[in-house]
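File shown: entry-v2.cif (mmCIF, C-alpha atoms and all ligand atoms).
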```cif
data_query
loop_
_atom_site.label_atom_id
_atom_site.label_comp_id
_atom_site.auth_asym_id
_atom_site.auth_seq_id
_atom_site.Cartn_x
_atom_site.Cartn_y
_atom_site.Cartn_z
CA MET A 1 38.89 24.44 53.35
CA VAL A 2 35.23 25.46 53.09
CA GLY A 3 34.26 27.16 49.80
CA HIS A 4 36.19 26.75 46.58
CA ALA A 5 35.43 29.66 44.26
CA PHE A 6 37.30 32.98 44.16
CA MET A 7 38.93 32.97 47.61
CA GLY A 8 39.02 29.17 47.64
CA ALA A 9 41.26 29.28 44.57
CA ALA A 10 43.44 32.08 45.99
CA HIS A 11 43.88 30.32 49.35
CA SER A 12 44.60 26.95 47.69
CA HIS A 13 47.35 28.69 45.74
CA GLY A 14 48.67 30.05 49.04
CA TRP A 15 48.69 26.68 50.83
CA ARG A 16 50.21 24.88 47.81
CA ASN A 17 53.05 27.34 47.35
CA ALA A 18 53.89 28.53 50.89
CA GLY A 19 56.31 25.66 51.46
CA ARG A 20 57.99 26.26 48.09
CA ALA A 21 58.71 29.94 48.69
CA PHE A 22 59.26 29.79 52.46
CA ASP A 23 61.25 27.39 54.63
CA LEU A 24 58.31 26.33 56.80
CA PRO A 25 58.52 24.25 59.98
CA LEU A 26 55.49 22.26 58.76
CA GLU A 27 54.40 21.51 55.18
CA PRO A 28 50.68 22.21 54.60
CA ARG A 29 48.76 19.20 53.26
CA LEU A 30 45.57 19.99 51.36
CA VAL A 31 43.39 17.25 52.88
CA ALA A 32 39.79 18.05 51.98
CA VAL A 33 37.57 20.82 50.63
CA ALA A 34 33.85 21.27 51.35
CA GLY A 35 31.32 22.93 49.05
CA THR A 36 27.60 22.79 48.38
CA SER A 37 27.43 20.71 45.19
CA ALA A 38 29.20 17.31 45.08
CA GLU A 39 30.03 17.63 41.40
CA ARG A 40 31.39 21.19 41.53
CA THR A 41 33.33 20.55 44.73
CA ALA A 42 34.94 17.40 43.28
CA ALA A 43 35.95 19.33 40.15
CA ALA A 44 37.35 22.15 42.29
CA ALA A 45 39.28 19.66 44.46
CA ARG A 46 40.96 18.23 41.34
CA ARG A 47 41.77 21.65 39.91
CA LEU A 48 42.96 23.26 43.17
CA GLY A 49 44.95 20.30 44.48
CA TRP A 50 42.82 18.91 47.36
CA GLU A 51 42.87 15.19 48.12
CA GLU A 52 39.14 14.85 48.87
CA SER A 53 35.87 16.74 48.44
CA LEU A 54 32.78 16.83 50.71
CA THR A 55 29.46 18.63 50.82
CA ASP A 56 29.15 19.13 54.59
CA TRP A 57 31.80 21.28 56.31
CA ARG A 58 30.91 19.65 59.66
CA GLU A 59 32.67 16.48 58.47
CA LEU A 60 35.93 18.44 58.15
CA ILE A 61 35.67 19.51 61.76
CA GLU A 62 35.05 15.96 63.01
CA ARG A 63 38.19 14.54 61.39
CA ASP A 64 41.37 13.85 63.36
CA ASP A 65 43.62 14.23 60.30
CA ILE A 66 42.64 17.90 59.84
CA ASP A 67 44.31 20.60 61.97
CA VAL A 68 43.27 23.83 60.20
CA ILE A 69 39.90 24.98 58.86
CA ASP A 70 40.14 27.66 56.18
CA ILE A 71 36.83 29.51 55.71
CA CYS A 72 36.34 30.87 52.16
CA THR A 73 32.54 31.14 52.13
CA PRO A 74 30.16 34.13 52.17
CA SER A 75 30.20 36.00 55.47
CA ASP A 76 26.81 34.74 56.72
CA THR A 77 28.47 31.34 57.31
CA HIS A 78 31.68 32.53 59.04
CA ARG A 79 30.42 32.59 62.63
CA GLU A 80 28.93 29.10 62.70
CA ILE A 81 31.90 27.44 60.99
CA ALA A 82 34.61 29.34 62.88
CA VAL A 83 33.12 28.87 66.34
CA ALA A 84 32.47 25.15 65.74
CA ALA A 85 36.00 24.66 64.40
CA LEU A 86 37.68 26.50 67.29
CA GLN A 87 35.62 24.58 69.85
CA ALA A 88 36.70 21.34 68.16
CA GLY A 89 40.36 22.36 68.55
CA LYS A 90 41.07 23.34 64.92
CA HIS A 91 43.13 26.40 64.02
CA VAL A 92 41.09 28.76 61.82
CA LEU A 93 41.83 31.11 58.95
CA CYS A 94 38.61 32.99 58.16
CA GLU A 95 37.98 35.36 55.28
CA LYS A 96 36.92 38.95 55.81
CA PRO A 97 34.72 40.65 56.80
CA LEU A 98 34.86 38.55 59.95
CA ALA A 99 31.06 38.41 60.21
CA ASN A 100 27.81 40.06 59.20
CA SER A 101 27.19 41.86 62.49
CA LEU A 102 29.12 43.10 65.50
CA ASP A 103 27.39 40.55 67.76
CA GLU A 104 28.61 37.70 65.55
CA ALA A 105 32.11 39.16 65.35
CA GLU A 106 32.33 39.54 69.12
CA GLU A 107 31.16 35.95 69.63
CA MET A 108 33.88 34.80 67.21
CA ALA A 109 36.53 36.92 68.93
CA ALA A 110 35.51 35.47 72.31
CA ALA A 111 35.71 31.92 70.90
CA ALA A 112 39.18 32.73 69.52
CA ARG A 113 40.40 34.12 72.86
CA SER A 114 39.18 31.01 74.64
CA ALA A 115 40.80 28.74 72.00
CA ALA A 116 44.08 30.67 72.29
CA GLU A 117 44.30 29.61 75.94
CA ARG A 118 44.48 26.04 74.60
CA GLY A 119 47.08 26.90 71.93
CA ILE A 120 44.47 26.99 69.12
CA TRP A 121 44.80 30.03 66.86
CA ALA A 122 42.45 32.09 64.69
CA MET A 123 43.31 34.66 62.03
CA CYS A 124 41.24 36.79 59.63
CA GLY A 125 42.18 37.10 55.93
CA PHE A 126 42.94 40.79 55.52
CA THR A 127 45.38 39.73 52.83
CA TYR A 128 46.56 43.16 51.71
CA ARG A 129 48.70 43.42 54.84
CA ARG A 130 50.86 40.84 53.03
CA GLN A 131 51.56 42.98 49.98
CA PRO A 132 55.27 43.86 50.44
CA ALA A 133 54.78 47.58 49.68
CA VAL A 134 52.03 47.81 52.30
CA ALA A 135 54.16 46.04 54.90
CA LEU A 136 57.04 48.40 54.03
CA ALA A 137 54.76 51.42 54.47
CA ARG A 138 53.88 50.17 57.94
CA GLU A 139 57.56 49.70 58.82
CA LEU A 140 58.32 53.28 57.71
CA ILE A 141 55.43 54.66 59.76
CA GLN A 142 56.28 52.57 62.83
CA ASP A 143 59.99 53.56 62.52
CA GLY A 144 58.97 57.24 62.66
CA ARG A 145 60.06 58.08 59.10
CA LEU A 146 56.79 59.99 58.57
CA GLY A 147 57.07 61.78 61.92
CA GLU A 148 53.72 62.51 63.53
CA VAL A 149 50.93 61.14 61.33
CA ARG A 150 48.30 63.74 60.45
CA HIS A 151 46.20 62.44 57.53
CA VAL A 152 45.12 58.92 56.60
CA ARG A 153 43.36 58.71 53.23
CA LEU A 154 42.10 55.49 51.71
CA VAL A 155 39.86 54.60 48.80
CA TYR A 156 38.89 51.18 47.52
CA LEU A 157 37.44 51.57 44.02
CA GLN A 158 35.96 48.90 41.76
CA ASP A 159 33.52 49.25 38.88
CA TRP A 160 31.86 45.85 38.33
CA LEU A 161 28.39 47.15 39.29
CA SER A 162 28.51 50.23 37.04
CA ASP A 163 26.66 48.16 34.45
CA GLU A 164 23.02 48.37 35.59
CA SER A 165 22.28 45.02 33.97
CA ALA A 166 24.96 43.16 35.96
CA GLU A 167 23.32 40.20 37.71
CA HIS A 168 22.30 39.95 41.34
CA SER A 169 24.47 37.77 43.63
CA TRP A 170 24.94 36.96 47.34
CA ARG A 171 27.10 40.07 47.59
CA LEU A 172 23.99 42.24 47.00
CA ASP A 173 21.82 40.46 49.57
CA ALA A 174 22.24 41.87 53.10
CA SER A 175 21.16 38.59 54.70
CA ARG A 176 24.18 36.88 53.09
CA SER A 177 26.84 39.59 52.92
CA GLY A 178 25.89 41.89 55.81
CA SER A 179 26.64 44.99 53.74
CA GLY A 180 27.85 45.90 50.26
CA ALA A 181 30.90 47.93 49.25
CA LEU A 182 31.25 48.84 52.93
CA GLY A 183 31.94 45.34 54.30
CA ASP A 184 33.47 43.92 51.14
CA LEU A 185 35.90 46.72 50.23
CA GLY A 186 35.64 49.15 53.15
CA SER A 187 36.64 46.44 55.63
CA HIS A 188 40.01 46.07 53.86
CA ALA A 189 40.54 49.84 53.87
CA ILE A 190 39.60 50.14 57.56
CA ASP A 191 41.88 47.27 58.53
CA LEU A 192 44.79 48.79 56.60
CA ALA A 193 44.18 52.25 58.07
CA GLN A 194 44.19 50.90 61.64
CA TRP A 195 47.14 48.56 61.06
CA LEU A 196 49.32 51.04 59.17
CA ILE A 197 49.21 53.69 61.88
CA GLY A 198 48.70 51.32 64.83
CA ASP A 199 45.59 53.09 66.08
CA ASP A 200 41.85 52.40 65.93
CA VAL A 201 39.06 54.60 64.62
CA ALA A 202 37.43 56.21 67.67
CA ARG A 203 34.75 58.48 66.11
CA LEU A 204 33.24 58.79 62.68
CA SER A 205 30.60 60.32 60.50
CA ALA A 206 29.49 58.36 57.45
CA ARG A 207 27.15 58.01 54.50
CA THR A 208 26.28 54.98 52.42
CA THR A 209 24.30 55.11 49.21
CA VAL A 210 22.54 52.83 46.72
CA PHE A 211 22.65 53.65 43.00
CA VAL A 212 20.76 50.65 41.57
CA ASP A 213 18.15 49.14 43.88
CA ALA A 214 17.16 46.01 41.87
CA ARG A 215 19.08 43.71 39.53
CA PRO A 216 18.29 40.71 37.32
CA ALA A 217 18.21 37.44 39.24
CA PRO A 218 20.73 35.00 37.70
CA GLY A 219 19.09 32.85 35.02
CA ALA A 220 15.58 34.15 35.81
CA ASN A 221 14.55 35.77 32.54
CA GLY A 222 14.48 39.41 33.49
CA THR A 223 13.01 39.00 36.99
CA LEU A 224 14.44 41.73 39.20
CA ARG A 225 15.66 41.05 42.72
CA PRO A 226 16.05 43.91 45.23
CA VAL A 227 19.54 45.07 46.17
CA THR A 228 19.58 45.29 49.97
CA VAL A 229 23.15 46.53 50.52
CA ASP A 230 25.04 49.77 49.98
CA ASP A 231 26.72 50.45 46.64
CA ALA A 232 29.17 52.98 48.07
CA ALA A 233 30.29 54.18 51.50
CA PHE A 234 32.04 57.36 52.66
CA VAL A 235 33.59 57.74 56.09
CA LEU A 236 35.15 60.71 57.87
CA ALA A 237 37.08 59.19 60.76
CA GLU A 238 39.03 60.31 63.80
CA PHE A 239 41.45 57.83 65.33
CA GLY A 240 42.11 57.52 69.08
CA SER A 241 45.26 59.65 68.78
CA GLY A 242 43.38 62.40 66.95
CA VAL A 243 44.65 61.51 63.45
CA ILE A 244 42.05 62.42 60.81
CA GLY A 245 41.11 59.93 58.10
CA THR A 246 38.82 59.56 55.11
CA ILE A 247 37.75 56.22 53.70
CA GLU A 248 35.69 55.62 50.57
CA ALA A 249 34.52 52.31 49.09
CA THR A 250 32.56 51.88 45.87
CA ARG A 251 31.80 49.37 43.15
CA TYR A 252 30.82 52.16 40.72
CA ALA A 253 34.14 53.90 39.95
CA LEU A 254 34.16 53.30 36.19
CA GLY A 255 37.59 52.26 34.96
CA ARG A 256 38.91 51.36 38.41
CA LYS A 257 39.05 47.58 38.63
CA ASN A 258 40.69 46.98 42.00
CA ALA A 259 42.11 50.32 43.09
CA LEU A 260 42.80 50.00 46.80
CA ARG A 261 44.84 53.13 47.45
CA PHE A 262 46.18 54.99 50.42
CA GLU A 263 48.11 58.15 51.13
CA ILE A 264 49.34 58.93 54.62
CA ASN A 265 50.90 62.29 55.48
CA GLY A 266 52.99 62.97 58.56
CA SER A 267 55.08 65.84 59.88
CA LYS A 268 58.27 64.49 58.23
CA GLY A 269 57.04 62.58 55.19
CA SER A 270 54.31 60.78 53.27
CA VAL A 271 53.64 57.36 51.75
CA ALA A 272 51.21 56.46 48.97
CA TRP A 273 50.27 53.14 47.36
CA ASP A 274 47.89 51.76 44.75
CA LEU A 275 47.10 48.03 44.50
CA GLU A 276 46.90 48.35 40.71
CA ARG A 277 50.64 49.20 40.83
CA ASN A 278 51.32 46.97 43.78
CA ASN A 279 55.12 46.74 43.50
CA GLU A 280 55.61 50.48 43.96
CA LEU A 281 55.52 52.48 47.16
CA GLU A 282 55.70 56.25 46.85
CA PHE A 283 57.73 57.80 49.66
CA TYR A 284 58.38 61.47 50.34
CA GLU A 285 60.81 62.82 52.93
CA ALA A 286 60.47 66.49 53.89
CA ASP A 287 64.23 66.91 54.41
CA GLY A 288 65.16 66.03 50.82
CA GLN A 289 67.51 68.20 48.74
CA PRO A 290 65.95 71.60 47.83
CA GLY A 291 65.17 71.66 44.13
CA THR A 292 65.10 67.89 43.71
CA ALA A 293 62.97 66.79 46.65
CA GLY A 294 59.93 64.81 45.59
CA PHE A 295 58.17 61.49 45.91
CA THR A 296 60.49 58.52 45.41
CA ARG A 297 59.07 55.52 43.59
CA VAL A 298 60.40 52.64 45.70
CA LEU A 299 60.31 49.39 43.74
CA THR A 300 59.48 47.02 46.60
CA THR A 301 61.28 43.99 45.17
CA ASP A 302 64.57 44.29 47.03
CA PRO A 303 65.52 41.32 49.26
CA SER A 304 65.56 43.81 52.19
CA HIS A 305 61.84 44.50 51.71
CA PRO A 306 59.18 42.55 53.62
CA TYR A 307 58.73 38.98 52.24
CA LEU A 308 61.11 39.58 49.30
CA ALA A 309 64.03 37.53 50.61
CA ASN A 310 61.80 34.53 49.85
CA TRP A 311 60.86 35.57 46.32
CA TRP A 312 62.64 36.41 43.10
CA PRO A 313 65.74 38.56 42.44
CA ALA A 314 65.26 42.36 42.71
CA GLY A 315 63.04 43.80 39.99
CA HIS A 316 61.19 40.52 39.33
CA THR A 317 57.81 41.82 40.41
CA LEU A 318 55.13 40.10 42.51
CA GLY A 319 51.38 40.01 41.89
CA TYR A 320 48.01 39.70 43.61
CA ASP A 321 48.42 36.00 44.40
CA HIS A 322 51.79 36.28 46.17
CA ALA A 323 50.05 37.92 49.13
CA PHE A 324 48.05 34.70 49.63
CA VAL A 325 51.28 32.67 49.71
CA ASN A 326 52.77 35.14 52.20
CA GLN A 327 49.56 34.88 54.26
CA ALA A 328 49.66 31.06 54.36
CA ALA A 329 53.35 31.12 55.34
CA ASP A 330 52.75 33.67 58.14
CA PHE A 331 49.85 31.57 59.43
CA VAL A 332 51.86 28.31 59.44
CA ASN A 333 54.88 29.98 61.09
CA ALA A 334 52.76 31.54 63.85
CA VAL A 335 50.81 28.35 64.57
CA ALA A 336 54.00 26.26 64.62
CA ALA A 337 55.64 28.78 66.98
CA GLY A 338 52.53 28.88 69.22
CA VAL A 339 52.01 32.64 68.79
CA GLN A 340 48.95 34.62 67.73
CA PRO A 341 48.79 34.98 63.92
CA GLU A 342 47.77 38.50 62.89
CA PRO A 343 45.23 39.89 62.16
CA SER A 344 43.57 38.19 65.13
CA PHE A 345 39.79 37.88 65.42
CA ASP A 346 40.02 40.74 67.96
CA ALA A 347 41.61 42.96 65.29
CA ALA A 348 38.94 41.87 62.78
CA ALA A 349 36.20 42.55 65.36
CA SER A 350 37.57 46.09 65.74
CA VAL A 351 37.04 46.53 61.97
CA GLN A 352 33.50 45.16 62.41
CA ARG A 353 32.90 47.76 65.15
CA VAL A 354 33.75 50.49 62.63
CA LEU A 355 31.49 48.90 59.96
CA ALA A 356 28.59 48.82 62.44
CA THR A 357 29.19 52.44 63.42
CA VAL A 358 29.26 53.51 59.77
CA ALA A 359 25.81 51.94 59.32
CA THR A 360 24.49 53.71 62.44
CA SER A 361 25.96 57.05 61.40
CA SER A 362 24.64 56.77 57.87
CA GLY A 363 21.21 55.78 59.18
CA SER A 364 21.06 58.82 61.45
CA GLY A 365 20.65 60.94 58.31
CA THR A 366 21.97 64.27 59.61
CA TRP A 367 23.33 66.75 57.09
CA GLU A 368 24.13 70.39 57.60
CA VAL A 369 22.30 72.44 54.98
CA VAL A 370 24.49 74.88 53.05
CA ALA A 371 22.64 78.16 53.58
N1 LIG B 401 40.85 38.64 51.12
C1 LIG B 401 40.34 39.15 50.02
O1 LIG B 401 40.97 39.96 49.37
C2 LIG B 401 38.96 38.72 49.56
C3 LIG B 401 38.60 38.85 48.21
C4 LIG B 401 37.34 38.38 47.81
C5 LIG B 401 36.46 37.84 48.74
N2 LIG B 401 36.85 37.75 50.06
C6 LIG B 401 35.93 37.15 51.06
O2 LIG B 401 35.98 35.72 50.91
C7 LIG B 401 34.71 35.16 51.22
C8 LIG B 401 34.22 34.34 50.03
O3 LIG B 401 34.14 35.20 48.91
P1 LIG B 401 34.37 34.66 47.42
O4 LIG B 401 34.63 35.87 46.60
O5 LIG B 401 35.33 33.55 47.39
O6 LIG B 401 32.90 34.12 47.12
P2 LIG B 401 32.46 33.12 45.95
O7 LIG B 401 31.02 33.36 45.72
O8 LIG B 401 33.41 33.20 44.82
O9 LIG B 401 32.67 31.67 46.65
C9 LIG B 401 31.91 31.26 47.75
C10 LIG B 401 32.13 29.76 47.93
O10 LIG B 401 31.46 29.36 49.14
C11 LIG B 401 30.75 28.14 48.88
N3 LIG B 401 29.71 28.02 49.89
C12 LIG B 401 28.68 28.88 50.17
N4 LIG B 401 27.97 28.43 51.22
C13 LIG B 401 28.57 27.27 51.63
C14 LIG B 401 28.31 26.33 52.66
N5 LIG B 401 27.28 26.49 53.49
N6 LIG B 401 29.11 25.24 52.76
C15 LIG B 401 30.16 25.06 51.91
N7 LIG B 401 30.46 25.93 50.93
C16 LIG B 401 29.66 27.00 50.78
C17 LIG B 401 30.26 28.32 47.45
O11 LIG B 401 29.89 27.07 46.91
C18 LIG B 401 31.53 28.89 46.81
O12 LIG B 401 32.46 27.87 46.52
C19 LIG B 401 33.80 36.33 51.58
O13 LIG B 401 33.80 36.49 52.97
C20 LIG B 401 34.48 37.52 50.91
O14 LIG B 401 34.22 38.76 51.54
C21 LIG B 401 38.07 38.14 50.46
#
```
When written as structure tokens, how does the structure in this file appear?
Ligand SMILES: NC(=O)c1ccc[n+]([C@@H]2O[C@H](COP(=O)([O-])OP(=O)(O)OC[C@H]3O[C@@H](n4cnc5c(N)ncnc54)[C@H](O)[C@@H]3O)[C@@H](O)[C@H]2O)c1
Amino acid sequence: MVGHAFMGAAHSHGWRNAGRAFDLPLEPRLVAVAGTSAERTAAAARRLGWEESLTDWRELIERDDIDVIDICTPSDTHREIAVAALQAGKHVLCEKPLANSLDEAEEMAAAARSAAERGIWAMCGFTYRRQPAVALARELIQDGRLGEVRHVRLVYLQDWLSDESAEHSWRLDASRSGSGALGDLGSHAIDLAQWLIGDDVARLSARTTVFVDARPAPGANGTLRPVTVDDAAFVLAEFGSGVIGTIEATRYALGRKNALRFEINGSKGSVAWDLERNNELEFYEADGQPGTAGFTRVLTTDPSHPYLANWWPAGHTLGYDHAFVNQAADFVNAVAAGVQPEPSFDAAASVQRVLATVATSSGSGTWEVVA
């Protein structure tokens, strides 16, 4: 694994526990983790359960006792690490957004296609696909329970930048993160939108905005550093099939900590979900009983629900981290079976295409004036 902070901890949890929850054909072994500081990486290795720590990710790729490279670093590093790992014959799990530009993403997708011909697999970490309620929503849509889909509505709301004195970080520097709320949060929403209905965004109109354009540099006594990414993004989208969608991503929605939400309306029903109540899927069927028809709160903890046969008895809810265990298990099962783990780099590159088009649309600056 490369990187050992937020996602490094979540992925380590996934690798450590996948073989406990799932009957896997291969047991993951946490061989070595790479970071930038020897001391911090060694401490992280001890805490997260890795056998060794290193400060150069290239050493991971050169080793014969390592089969998988898990990329949990900022997105400016994804392309170089992923392409080198795939060329060296390592399977790759890479965090989202896949890259910082469409060119990088397409190069990564091409490297993954070429590796796949040799039985080497690459997957991108759009982890929310592994929340059981989200996977159930997709099953309902794909089984036709919503009829013809008409509206796709997603928001991803956080509030950690609402405080104007919050410190600068790599996430606010375009050269490191590519974009702001758009790539960080919007990429999840775009991936879910496309995956849930099985169709890609074909056309869009978008706006991004910046609320606070400079923030204190960490530890630098009041020195301000410019913010070079968007704080919020708004997208009006049309999918290939003509379905209309809206997507909003912001880090300034005070009170909303991690509110990834969707509502999808079809000709026969609707589904709605909120990550902050992740065990519940709201489902509405138009042919319900008159007088009592309404949204049903489906508690997605039944063994018949996606992933739940491997977890606790019905009603014993799952959390944020279970999706990372589900993700690790799906990855191991696909690699062991010699099939493409999803989302592929091609699927992640299609998200990157939307991100790039949002930036172009927002930059074009056209508004219709209300007369
Ligand atoms: N799937 C999700 O839900 C989700 C959630 C948060 C972040 N992410 C993504 O995960 C990635 C990492 O984000 P994070 O929140 O863990 O960031 P973070 O700042 O918490 O951690 C980044 C880690 O990368 C290490 N690092 C940076 N450059 C390195 C290099 N050249 N070599 C080795 N290590 C290096 C840092 O030391 C640190 O350990 C990003 O792409 C981000 O968008 C995904």
| query | With only C-alpha atoms as the basis for distance, which of A:Phe126, A:Phe324, A:Trp170, A:Phe331 is at the shortest distance from Gly186 of chain A? | reply | A:Phe126
Residues of chain A that have any atom at most 7 Å from an atom of ligand LIG 401 (chain B): could you tabulate them with the shortest-distance atom pair and the distance in Å to one decimal, using all atoms listed in the file, ordered by chain and increasing number, as CSV?
```
residue,atom,partner,partner_atom,distance
A:Val2,CA,B:LIG401,C15,5.2
A:Gly3,CA,B:LIG401,O10,3.6
A:His4,CA,B:LIG401,O12,3.9
A:Ala5,CA,B:LIG401,O8,4.1
A:Phe6,CA,B:LIG401,O5,3.8
A:Met7,CA,B:LIG401,O5,3.7
A:Gly8,CA,B:LIG401,O5,5.7
A:Ala34,CA,B:LIG401,C15,5.3
A:Gly35,CA,B:LIG401,N7,3.6
A:Thr36,CA,B:LIG401,C15,4.9
A:Thr55,CA,B:LIG401,C15,6.6
A:Asp56,CA,B:LIG401,N6,6.4
A:Trp57,CA,B:LIG401,N6,6.0
A:Cys72,CA,B:LIG401,C8,4.6
A:Thr73,CA,B:LIG401,O10,3.6
A:Pro74,CA,B:LIG401,C19,4.3
A:Ser75,CA,B:LIG401,O13,4.4
A:Thr77,CA,B:LIG401,N5,6.3
A:Glu95,CA,B:LIG401,O2,4.8
A:Lys96,CA,B:LIG401,O13,4.9
A:Pro97,CA,B:LIG401,O14,5.6
A:Gly125,CA,B:LIG401,N1,5.2
A:Phe126,CA,B:LIG401,N1,5.3
A:Thr127,CA,B:LIG401,N1,5.0
A:Tyr128,CA,B:LIG401,O1,6.9
A:Asp184,CA,B:LIG401,O14,5.2
```
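Note that the spacing between atom CA of Leu146 of chain A and atom CA of Gln289 of chain A amounts to 16.7 Å.
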| Nearest-residue call for Asp70 of chain A, choices A:Ser12, A:Ser162, A:Ser241, A:Ser270, using all atoms listed in the file | A:Ser12
| field | Long-range neighbours of Asp67 of chain A as an MDAnalysis selection string, 8 Å cut-off, only C-alpha atoms, 2 positions minimum in chain | value | chainID A and resid 64:65 69 89:91
Can I get the selection written as a PDB file, keeping the file's coordinate frame, with C-alpha atoms?
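File out13.pdb, as written:
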```pdb
ATOM      1  CA  ASP A  64      41.370  13.850  63.360  1.00  0.00           C
ATOM      2  CA  ASP A  65      43.620  14.230  60.300  1.00  0.00           C
ATOM      3  CA  ILE A  69      39.900  24.980  58.860  1.00  0.00           C
ATOM      4  CA  GLY A  89      40.360  22.360  68.550  1.00  0.00           C
ATOM      5  CA  LYS A  90      41.070  23.340  64.920  1.00  0.00           C
ATOM      6  CA  HIS A  91      43.130  26.400  64.020  1.00  0.00           C
TER       7      HIS A  91
END
```
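Coordinates place atom CA of Ala328 of chain A at a distance of 5.5 Å from atom CA of Gly14 of chain A.
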Within 7 Å of segment 201-216 of chain A, which residues of segment 223-276 of chain A show up? Give each one with its shortest atom-to-atom distance in Å (one decimal) and the two atoms involved, counting all atoms listed in the file, rows by chain then rising residue number, as a Markdown table.
```
| residue | atom | partner | partner_atom | distance |
| --- | --- | --- | --- | --- |
| A:Thr223 | CA | A:Pro216 | CA | 5.6 |
| A:Leu224 | CA | A:Pro216 | CA | 4.4 |
| A:Arg225 | CA | A:Ala214 | CA | 5.3 |
| A:Pro226 | CA | A:Ala214 | CA | 4.1 |
| A:Val227 | CA | A:Asp213 | CA | 4.9 |
| A:Asp230 | CA | A:Val210 | CA | 5.1 |
| A:Asp231 | CA | A:Val210 | CA | 4.8 |
| A:Ala232 | CA | A:Thr209 | CA | 5.4 |
| A:Ala233 | CA | A:Thr208 | CA | 4.2 |
| A:Phe234 | CA | A:Arg207 | CA | 5.3 |
| A:Val235 | CA | A:Ala206 | CA | 4.4 |
| A:Leu236 | CA | A:Ser205 | CA | 5.3 |
| A:Ala237 | CA | A:Leu204 | CA | 4.3 |
| A:Glu238 | CA | A:Arg203 | CA | 5.2 |
| A:Phe239 | CA | A:Val201 | CA | 4.1 |
| A:Gly240 | CA | A:Ala202 | CA | 5.1 |
```
Okay, now the selection with C-alpha atoms, as an mmCIF file, in the coordinates of the input?
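Okay, out01.cif is ready:
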```cif
data_model
loop_
_atom_site.group_PDB
_atom_site.id
_atom_site.type_symbol
_atom_site.label_atom_id
_atom_site.label_comp_id
_atom_site.auth_asym_id
_atom_site.auth_seq_id
_atom_site.Cartn_x
_atom_site.Cartn_y
_atom_site.Cartn_z
ATOM 1 C CA THR A 223 13.010 39.000 36.990
ATOM 2 C CA LEU A 224 14.440 41.730 39.200
ATOM 3 C CA ARG A 225 15.660 41.050 42.720
ATOM 4 C CA PRO A 226 16.050 43.910 45.230
ATOM 5 C CA VAL A 227 19.540 45.070 46.170
ATOM 6 C CA ASP A 230 25.040 49.770 49.980
ATOM 7 C CA ASP A 231 26.720 50.450 46.640
ATOM 8 C CA ALA A 232 29.170 52.980 48.070
ATOM 9 C CA ALA A 233 30.290 54.180 51.500
ATOM 10 C CA PHE A 234 32.040 57.360 52.660
ATOM 11 C CA VAL A 235 33.590 57.740 56.090
ATOM 12 C CA LEU A 236 35.150 60.710 57.870
ATOM 13 C CA ALA A 237 37.080 59.190 60.760
ATOM 14 C CA GLU A 238 39.030 60.310 63.800
ATOM 15 C CA PHE A 239 41.450 57.830 65.330
ATOM 16 C CA GLY A 240 42.110 57.520 69.080
#
```
| request: Would you be able to write out as a PyMOL selection string which residues have an atom within 10 Å of (54.7, 62.1, 62.1) in the file's coordinates, counting only C-alpha atoms? | output: chain A and resi 141-142+144-151+264-270
| Among listed residues A:Ala135, A:Leu281, A:Leu196, A:Leu355, nearest Ala181 of chain A (using all atoms listed in the file) |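 Result for the nearest residue to Ala181 of chain A: A:Leu355.
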| said: Nearest residue to Gly255 of chain A out of A:Asp76, A:Asp330, A:Asp163, A:Asp346, using all atoms listed in the file? | reply: A:Asp163
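Separating atom CA of Leu26 of chain A from atom CA of Val335 of chain A is a distance of 9.6 Å.
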